[in-house]
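Student: What follows is a structure written as C-alpha cells; I'll ask about it next.
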Amino acid sequence: MFSWFRQDPNTDADPKQHLMGSAENALMQASHKFQGYMKFGEVLHLQGPWISVDMLSRAVCDLQRRHPILRTRLRMMPDKSDSFFLEEDETVRLKIRDIARKSTDCQTFWRDEWRQRERDTTTVGEGLIEFWLLQDPEDVNNNNSPQEIMIISEHAVSDGLSLSNMAHELLVALSGENEDLFKNSLDWPITMEAAARNSLTMFGRVMTLTRFIFSAIYLRSTNRLPTARVPLAPIEFPLTDLINHSHTEASYLLLNKEDTQALLSKCRQQNVTVTSAVSAAILCALSTFVKSDANQPTLLNFSIGADTRRRCTPPIPNHDFRYHVSGLMSFTIPTNDIPTTTENIWQLARNFGDHMKSCVDAGQILALGLIMGKLYQKTFGEPNLNELPTCGVSSWGILPFKEEYGRWKFLGMTPFVNMIRGVMPFTTIQTVNGVLTVMYVGTDPVISKTVLEGLRETTMNKLQQMIHG
C-alpha cells in the first residue's frame with residue numbers, strides 16, 4: 001500500500017516534457033486500447049452570425065496561448081508502451097473540423113456525427129483536443145442562424161469543470177470580449193495525485209486511505225444483498241468483444257428555468273443540495289427498471305464521482321486544464337426500501353446528502369484521488385458484473401457560461417462521452433444559466449436508448465413530484 005504514496009518519478013530532465021498522473025495515464029491507456037473509450041466533450045449551442053473557420057481558429061489560438069496543455073503533443077515512453085507523457089510544442093495546431101449541415105438538423109446532426117467518429121483515438125504526436133464547427137452553408141449571410149461548436153477532449157487531460165471553463169473562454173475569445181485574458185500563459189497545471197499528496201502529510205495519507213479501506217470492507221461485509229441491475233439486452237457475442245459491436249447512446253433531461261428555480265427553492269426548504277435531490281429522483285427511477293424477484297431482494301448501489309479541486313490545499317482552480325476527479329463510497333439502499341411518497345423521497349435525498357458529507361469528512365475524496373489510476377487499471381479486463389454498481393453519477397454543479405457572448409446568444413451546452421465499453425447506466429448533473437440538465441448514457445446494444453429514455457422520463461416525473469407534491 002505504501003507504494004501508492006510515492007512521488008512520481010522526475011520527468012523534468014527536459015522541462016518541456018511532463019509525465020501524466022497515474023489516473024490520467026490509465027485513462028489514456030483506456031482510450032488507446034478500447035477505441036476512444038472515455039473521450040468526452042461538450043456541444044455549445046449558439047445563435048447568431050456565421051462563424052468562419054478563421055474566426056474559430058483565432059479563438060483557439062487565444063486558448064492555446066493561455067493553456068499550456070493545449071500546446072502539447074501526446075508522447076509515449078520509448079521503453080514503456082503503456083506510459084504516456086505530454087511534450088510542450090509551440091507549433092501545435094489543434095484540429096478544427098468544418099462540418100456542413102442543414103439548419104433544420106441543428107438539434108440532431110451532431111449526435112450522428114459523434115456516433116460515427118466516437119472511436120477515433122488520439123495519435124501519438126498529436127494534440128489531445130479538437131474542435132468541430134457545425135452550421136448551414138446557406139446561412140453565411142444570416143445574422144441569426146444556429147451553430148454548434150463541439151469540443152472533444154481526451155479525458156486524460158481534462159474533466160467536466162475544466163472543459164466547461166475552457167468552453168466558456170473559447171466563446172469569450174470568439175466574441176473578443178476580454179482580450180487581456182489571453183495575453184499570458186497560465187503555469188503548468190499540477191496532477192491530481194500531486195495535489196492530493198501536497199494536501200496531506202504522509203501520516204494523513206495513510207490514515208485517510210486506511211479509513212477508506214476499512215469502510216469498504218465494512219460495506220461489503222454488511223451488504224449481503226446482490227446488486228440490483230438494469231437488465232442487459234441479450235447479445236450474441238461475449239462482453240469482452242462489446243467495443244466492436246456497440247455505440248454510445250444518451251438521453252437528456254432538461255428542467256426549464258422556472259422548474260429549476262422551484263427545485264432549488266425546495267432544496268433550500270428541505271436543507272439538501274440539488275445533487276442530492278436529483279440523485280434521489282434517479283434512485284427512484286432506477287428502482288422501477290431493475291430486475292425484480294420477490295424471492296431475492298436486491299440492493300441499489302450508486303457510485304459517486306467527486307471533484308478533488310476544492311478539497312486540495314491550496315484549491316486547484318477550474319481553469320487548470322487537468323483531470324481532477326475522484327470518488328466517494330457508493331451509496332446503497334435495498335431496492336424494496338425506495339420510497340414513493342414525496343415526503344419520503346425528500347428524506348432519501350437527505351440520507352444521500354448525509355452519506356456524502358460523512359464520506360467527505362472522512363477524507364475519502366483525496367484518499368481515492370491518490371489511487372484512482374490503480375482502480376481504473378483494474379477495469380481493463382473482462383467486465384465483472386458482480387463488482388459493478390447499479391449506476392454512477394457525476395455532478396458538475398453550476399457551470400460558468402453566460403447567456404450572450406458578443407453577437408451570439410448562448411442557447412445551452414450538451415455533454416457527451418464515449419461509453420462503448422460500459423455495461424451500466426451513467427449520469428451527469430449540471431446547471432447552465434439556470435437550466436438543470438441530466439445526461440443518461442449507456443452502451444447500445446446492452447443498454448438501449450429506450451431504457452435511457454425511460455429512466456429520463458421517470459426521473460422527470462419524480463422531480464416534478466418533489467417540486468409540486
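As shown in the C-alpha cells, the chain order sets the letters A, B, ...; within each chain, residues go from 1, and ligands are also counted from 1 in the order they appear.
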Extract, using only C-alpha atoms, all DNA, RNA and protein residues at most 9 Å from segment 445-451 of chain A, discarding same-chain residues fewer than 2 positions from it, and format them as a tab-separated table (two decimals) with C-alpha atoms, in the first residue's frame.
Tutor:
chain	number	residue	atom	x	y	z
A	230	VAL	CA	-30.83	-2.61	-15.14
A	231	PRO	CA	-31.42	-5.70	-17.33
A	232	LEU	CA	-28.91	-6.03	-20.16
A	233	ALA	CA	-30.34	-6.83	-23.57
A	234	PRO	CA	-29.34	-10.27	-24.93
A	235	ILE	CA	-26.29	-10.23	-27.20
A	242	LEU	CA	-18.55	-5.32	-26.77
A	245	HIS	CA	-20.36	-4.14	-31.72
A	246	SER	CA	-21.52	-1.14	-29.71
A	247	HIS	CA	-22.08	2.59	-29.80
A	248	THR	CA	-22.90	5.13	-27.13
A	249	GLU	CA	-26.50	6.20	-26.60
A	250	ALA	CA	-27.60	9.15	-24.50
A	251	SER	CA	-30.80	10.79	-23.34
A	289	PHE	CA	-36.17	-0.60	-14.09
A	422	GLY	CA	-19.82	0.40	-20.28
A	423	VAL	CA	-22.32	-2.17	-19.03
A	424	MET	CA	-24.25	0.06	-16.62
A	425	PRO	CA	-26.03	3.41	-16.99
A	441	VAL	CA	-25.64	7.46	-21.06
A	442	GLY	CA	-25.37	3.76	-21.89
A	443	THR	CA	-23.90	1.29	-24.34
A	453	GLU	CA	-35.38	7.48	-22.20
A	454	GLY	CA	-37.48	5.55	-19.71
A	455	LEU	CA	-35.06	6.46	-16.92
A	456	ARG	CA	-35.17	10.09	-18.03
Student: Looking only at helix (DSSP H, G or I) from DSSP on the backbone, list the matching residues of segment 5-168 of chain A as a PyMOL selection string.
Tutor: chain A and resi 5+22-33+53-66+68-71+103-105+109-117+137-139+155-157+160-168
Student: Could you pull the residues within 9 Å of Val290 of chain A, counting only C-alpha atoms, minus those fewer than 5 positions along the same chain, as a list in words?
Tutor: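 So, after excluding close chain neighbours, the residues are Ala228, Arg229, Val230, Pro231, Leu300, Thr335 and Thr390 of chain A.
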Student: Restricting the output to C-alpha atoms, write the selected residues as a PDB file, in the first residue's frame.
Tutor:
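What follows is the written file out_21.pdb:
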ATOM      1  CA  ALA A 228     -29.688  -4.649  -8.493  1.00  0.00           C
ATOM      2  CA  ARG A 229     -29.092  -4.227 -12.236  1.00  0.00           C
ATOM      3  CA  VAL A 230     -30.825  -2.610 -15.141  1.00  0.00           C
ATOM      4  CA  PRO A 231     -31.422  -5.695 -17.332  1.00  0.00           C
ATOM      5  CA  LEU A 300     -29.225  -0.384  -5.368  1.00  0.00           C
ATOM      6  CA  THR A 335     -34.438  -1.769  -3.674  1.00  0.00           C
ATOM      7  CA  THR A 390     -26.139  -0.297 -10.434  1.00  0.00           C
TER       8      THR A 390
END
Student: Under the rule that only C-alpha atoms are counted, which of A:Leu299, A:Leu375, A:Leu19, A:Leu27 is the nearest residue to Ser287 of chain A?
Tutor: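 Comparing A:Leu299, A:Leu375, A:Leu19, A:Leu27 against Ser287 of chain A, the winner is A:Leu299.
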